[in-house]
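**Student:** Pasting a structure below so you can have a look.
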Amino acid sequence: MYASKIRHQLLFFLLMLSSFNQTFAQSSVKGVVISNDEPLVSATVGIQSLNKGTFTDNDGKFLLLNIPSGEHLLFVSAVGYEPFRQKISVEGQDFFIEVHLQESITELEPLVVTGTMTEMTIKESPVKVSWVSKDVLNKSASDNLMDAVKYINGLYNQVECAVCGTNSIRINGMDGPYTSVLIDGMPVMGALAAVYGLNGINPNIIQNLEIIKGPNSTLYGSQAMGGVVNIITIDPKSAPLFSAQISSSTHAEHNVNAAFSPKVGNSNVLFSGSLYNSNRFIDENNDGFSDLTQDTRLTLFNKWRFDRPGLKKTSLGAKIYYEDRMGGVENYEHSLRGSDSIYGESVYTRRMELFGSYDLPFDSDFKIDASFAYHDQNSFYGDYHYEATQQTFFTNLIWKKSLSQKADLLSGAAIRYDALDQVFNEQILAGGSADNHFVPGLFLQFDHILNETFRTLLGIRADQHEEHGIIFSPRFNVKVKPGSHTTFRLNTGTGFRIVNLFTEEHEALTGSRQVVIAESLEPERSHNIAVNLNQIIDIGPSILNADLDVFYTKFSNQIIPDYSTPNQIIYSNLDGHSVSRGISLNLAHNFIAPFTYMIGITVQDVYSADNNTVEKLPFSPRFSAVFNATYTFTKAAVTLDYTGRLTGKMLLPEYPNKSRYSDTFTEQNLKVSKTLKNEIKLFAVAKNIFDYTQKDPIIAPDRPFSNDFATDYVFGPIQGRRFMAGISFSVK
């Protein structure tokens, strides 16, 4: 009887052990990801419910360890491909799967982060984000970002000075300082860089752009008042081992780019360098001033990426930028900087940027982002000397918590520190020379998928300013998807901006107008509402992607330069309000045949209302359109890219005997590319093929030291038709 009892206890123990082993058995899931019979590198593979993930290697293979028995949902994603999701059953032994990804010709599947600080596809995002690929930027063969953005619908490269060529990015007709320019999600571009540093961003280090039109201060704080342009730099893991590009134009513009991306230990690294030089005096409009700024730009870029277990990432980046920019009359040279008899403008810029992101090693999603930028500028505008340095430090601590399969909470703490020092004609001016800000902030965002049709996002931010107290910035977003081809979004939110006139308003430094600050300037505020409708239309074997935006932004406390008093620029907060409203339509048609085209149209009304007086605001065209078309002759390996922009009339600053409105003009380009063996590509470009140039971008060019002289009357291209040729190649 005792022996029988022992046998029963032993049998019970063995059954429990078997059950325990089945419950806690750990297996591996491995496989390969393929597209068009080729292995896909750097695809994301994971099981979200287990918080486990990895990336495919150079052979497209992946391995997930310690997967418990049971059913799991495996996901695989890669930029430009349809996402893959499949239930797998792991039963105590290793599981193998071969995944075939299909290319997404609608380009709706790229992953974006700007709208929510959370990686998701464009279709999933409740925030309208415009995604612009590197290929689109390269269609016009631009040697810097500023030349490329003017062919993006709703964006405009506003040239602030006809002599030194400073510029800024306008979104929906709003001044450049209202646009927050980010690099890999971090606002490293301070006030000085927003005017003098954007030309140093070469398209060759850009993977893609993510653009949000309208205030986005809830996530990004001050400066994100009119919109956000997030520059996503190249991922070293997907970059070729070596690549280079050399080009030259008939206007003596020479550009050399090179990049090297080796694997160092368990990390992927990218080293990139870019050198641009233009040194010829060209004066096709015969005003005595060079149409093309003589310029030498050197940009060095380095980025490291470390992939860690559990889809954890670490990335570090650095950029060094040097520029020697000079414009003026033909006999002006560096030795004449500060001359009061021979007019020229010379700007030396030295800039360093450091930025990085680190996923903290916790089960929860904790991440810290940080950046630091140092900007040094030494410049002469005629005999006026302006020196400035700015240091910008920024950090974000972000925590994402999944409350359920359909609800996520994102919270964060941010710190931004700006130290700006300026010297005007060897003098430190009161109220504008030293501008130091320490701004801590907190933000919270709740993302809720109500059902397959509705998704909502609610966010709020609070920033503490020493001079202005706590500033709140709420937002609310709704996405409605009634069908697989239709998406409707409603976005509303607020923005704010702290202004520094002498860096953001270039007119305050150039020309002869006297700057008058009529009062103590308060922060600008904005309220925005935007409606977006995205419709995919099947046209036989092709797909037409139609994107319609209706937007309305109202500004209070806006600082608008008043040019109505002769020889003065008067700055004050607007007593009334100003408005930017309009409608924008994008049509992108992708054929199975080797032809694609895109058309973008924006109609806008930008005005101020003060004491029952309504006035249009300068440099905001009522109508604009962009377009591009690409056709590839497959057998000949030749590609034609045709790009262009049509700009309607816009109000201009008031000057005696000068028109208050610009011409309607177009600027168009044709690029021909020929692909040879071994990844070698030849290209030739005709820029501004219809040779339109503005006749009188400088006021009183024959009297540059008089009170009549002004350089801010620029609305169109100053350079005429020119031709460019180049060669590029890469080694994978």
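All residue names refer to the structure tokens as shown: chains lettered A, B, ... in order, residues numbered from 1 in each chain, ligands numbered from 1 in order.
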Taking 5 positions as the minimum chain separation for residues in the same chain, which residues sit within 12 Å of Gln294 of chain A when counting only C-alpha atoms? Answer as a VMD selection string.

**Tutor:** chain A and resid 163 to 165 251 to 254 276 to 282 289 323 to 330 332 to 334 344 to 347

**Student:** So that I can check the surroundings of Lys263 of chain A, please list as JSON, numbers by chain every protein, DNA and RNA residue that reaches within 9 Å of it, counting only C-alpha atoms and ignoring chain neighbours fewer than 6 positions away.

**Tutor:** {"A": [236, 237, 241, 269, 270]}

**Student:** Print the selection's residues with all heavy atoms to a file, as a PDB file, in the first residue's frame.

**Tutor:**
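out_10.pdb, freshly written:
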ATOM      1  N   PRO A 236      22.795  54.614 -41.051  1.00  0.00           N
ATOM      2  CA  PRO A 236      24.039  53.967 -41.489  1.00  0.00           C
ATOM      3  C   PRO A 236      23.869  52.496 -41.844  1.00  0.00           C
ATOM      4  O   PRO A 236      24.619  51.958 -42.666  1.00  0.00           O
ATOM      5  CB  PRO A 236      24.969  54.138 -40.278  1.00  0.00           C
ATOM      6  CG  PRO A 236      24.415  55.292 -39.523  1.00  0.00           C
ATOM      7  CD  PRO A 236      22.938  55.242 -39.730  1.00  0.00           C
ATOM      8  N   LYS A 237      22.860  51.855 -41.251  1.00  0.00           N
ATOM      9  CA  LYS A 237      22.681  50.425 -41.492  1.00  0.00           C
ATOM     10  C   LYS A 237      22.226  50.139 -42.916  1.00  0.00           C
ATOM     11  O   LYS A 237      22.518  49.086 -43.476  1.00  0.00           O
ATOM     12  CB  LYS A 237      21.670  49.865 -40.499  1.00  0.00           C
ATOM     13  CG  LYS A 237      21.636  48.349 -40.440  1.00  0.00           C
ATOM     14  CD  LYS A 237      20.839  47.872 -39.259  1.00  0.00           C
ATOM     15  CE  LYS A 237      20.912  46.347 -39.143  1.00  0.00           C
ATOM     16  NZ  LYS A 237      20.194  45.852 -37.953  1.00  0.00           N
ATOM     17  N   LEU A 241      28.195  50.993 -48.784  1.00  0.00           N
ATOM     18  CA  LEU A 241      29.522  51.046 -48.173  1.00  0.00           C
ATOM     19  C   LEU A 241      30.242  52.338 -48.539  1.00  0.00           C
ATOM     20  O   LEU A 241      30.857  52.989 -47.683  1.00  0.00           O
ATOM     21  CB  LEU A 241      30.346  49.834 -48.619  1.00  0.00           C
ATOM     22  CG  LEU A 241      31.797  49.796 -48.119  1.00  0.00           C
ATOM     23  CD1 LEU A 241      31.830  49.673 -46.602  1.00  0.00           C
ATOM     24  CD2 LEU A 241      32.559  48.652 -48.786  1.00  0.00           C
ATOM     25  N   VAL A 269      28.200  52.713 -39.029  1.00  0.00           N
ATOM     26  CA  VAL A 269      28.725  54.074 -38.978  1.00  0.00           C
ATOM     27  C   VAL A 269      28.599  54.721 -40.353  1.00  0.00           C
ATOM     28  O   VAL A 269      28.737  54.049 -41.378  1.00  0.00           O
ATOM     29  CB  VAL A 269      30.209  54.085 -38.542  1.00  0.00           C
ATOM     30  CG1 VAL A 269      30.668  55.512 -38.239  1.00  0.00           C
ATOM     31  CG2 VAL A 269      30.430  53.182 -37.347  1.00  0.00           C
ATOM     32  N   LEU A 270      28.343  56.012 -40.348  1.00  0.00           N
ATOM     33  CA  LEU A 270      28.315  56.782 -41.590  1.00  0.00           C
ATOM     34  C   LEU A 270      29.229  57.988 -41.439  1.00  0.00           C
ATOM     35  O   LEU A 270      29.090  58.779 -40.500  1.00  0.00           O
ATOM     36  CB  LEU A 270      26.890  57.259 -41.901  1.00  0.00           C
ATOM     37  CG  LEU A 270      26.751  58.191 -43.114  1.00  0.00           C
ATOM     38  CD1 LEU A 270      27.071  57.442 -44.401  1.00  0.00           C
ATOM     39  CD2 LEU A 270      25.352  58.790 -43.177  1.00  0.00           C
TER      40      LEU A 270
END

**Student:** So that I can see what lies close to Leu336 of chain A, please list as a tab-separated table (two decimals) with N, CA and C atoms, in the first residue's frame the residues with an atom at most 10 Å from it, counting only C-alpha atoms and leaving out residues fewer than 5 positions away in the same chain.

**Tutor:**
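After the write, result.tsv holds the following:
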chain	number	residue	atom	x	y	z
A	331	ASN	N	34.23	94.47	-57.54
A	331	ASN	CA	35.57	94.60	-56.98
A	331	ASN	C	35.60	94.44	-55.46
A	341	SER	N	33.12	102.51	-48.74
A	341	SER	CA	33.13	103.07	-50.10
A	341	SER	C	32.85	102.02	-51.17
A	342	ILE	N	33.22	100.78	-50.93
A	342	ILE	CA	32.94	99.69	-51.86
A	342	ILE	C	32.02	98.71	-51.14
A	343	TYR	N	30.79	98.57	-51.67
A	343	TYR	CA	29.77	97.84	-50.89
A	343	TYR	C	29.84	96.33	-51.14
A	344	GLY	N	29.80	95.60	-50.03
A	344	GLY	CA	29.70	94.15	-50.08
A	344	GLY	C	29.20	93.63	-48.75
A	345	GLU	N	28.76	92.39	-48.75
A	345	GLU	CA	28.32	91.73	-47.52
A	345	GLU	C	29.06	90.41	-47.41
A	346	SER	N	29.65	90.18	-46.25
A	346	SER	CA	30.47	88.99	-46.03
A	346	SER	C	30.05	88.35	-44.71
A	380	PHE	N	29.73	91.28	-42.03
A	380	PHE	CA	29.68	92.70	-42.37
A	380	PHE	C	28.61	92.91	-43.43
A	382	GLY	N	27.91	95.89	-45.63
A	382	GLY	CA	28.51	97.18	-45.92
A	382	GLY	C	29.51	97.50	-44.84
A	383	ASP	N	29.33	98.65	-44.18
A	383	ASP	CA	30.24	99.00	-43.09
A	383	ASP	C	29.65	98.67	-41.72

**Student:** Enumerate as a VMD selection string all residues of segment 342-577 of chain A assigned to strand (DSSP E) by DSSP on the backbone, naming them with the chain letters and numbers the document uses.

**Tutor:** chain A and resid 344 to 359 365 to 381 384 to 404 407 to 424 434 to 449 454 to 465 469 to 483 486 to 497 514 to 517 524 to 539 542 to 556 568 to 571 577

**Student:** Set the distance at 8 Å and use only C-alpha atoms: which residues neighbour Lys30 of chain A once local chain neighbours fewer than 2 positions away are removed? I'd like the list as an mmCIF file with C-alpha atoms, in the first residue's frame.

**Tutor:**
data_model
loop_
_atom_site.group_PDB
_atom_site.id
_atom_site.type_symbol
_atom_site.label_atom_id
_atom_site.label_comp_id
_atom_site.auth_asym_id
_atom_site.auth_seq_id
_atom_site.Cartn_x
_atom_site.Cartn_y
_atom_site.Cartn_z
ATOM 1 C CA SER A 28 13.247 30.431 -30.986
ATOM 2 C CA VAL A 32 14.289 35.181 -43.657
ATOM 3 C CA LYS A 61 17.795 36.595 -41.777
ATOM 4 C CA PHE A 62 16.477 37.166 -38.245
ATOM 5 C CA LEU A 63 16.373 35.305 -34.914
ATOM 6 C CA LEU A 64 14.065 35.826 -31.902
ATOM 7 C CA ASP A 94 12.104 26.160 -33.052
ATOM 8 C CA PHE A 95 9.833 27.857 -35.575
ATOM 9 C CA PHE A 96 10.976 28.896 -39.078
ATOM 10 C CA ILE A 97 9.164 31.232 -41.476
#

**Student:** Using only C-alpha atoms, which of the listed residues (A:Gly154, A:Gly70, A:Gly317, A:Gly648) sits closest to Thr602 of chain A?

**Tutor:**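 Once distances to Thr602 of chain A are computed over only C-alpha atoms, the minimum belongs to A:Gly154.
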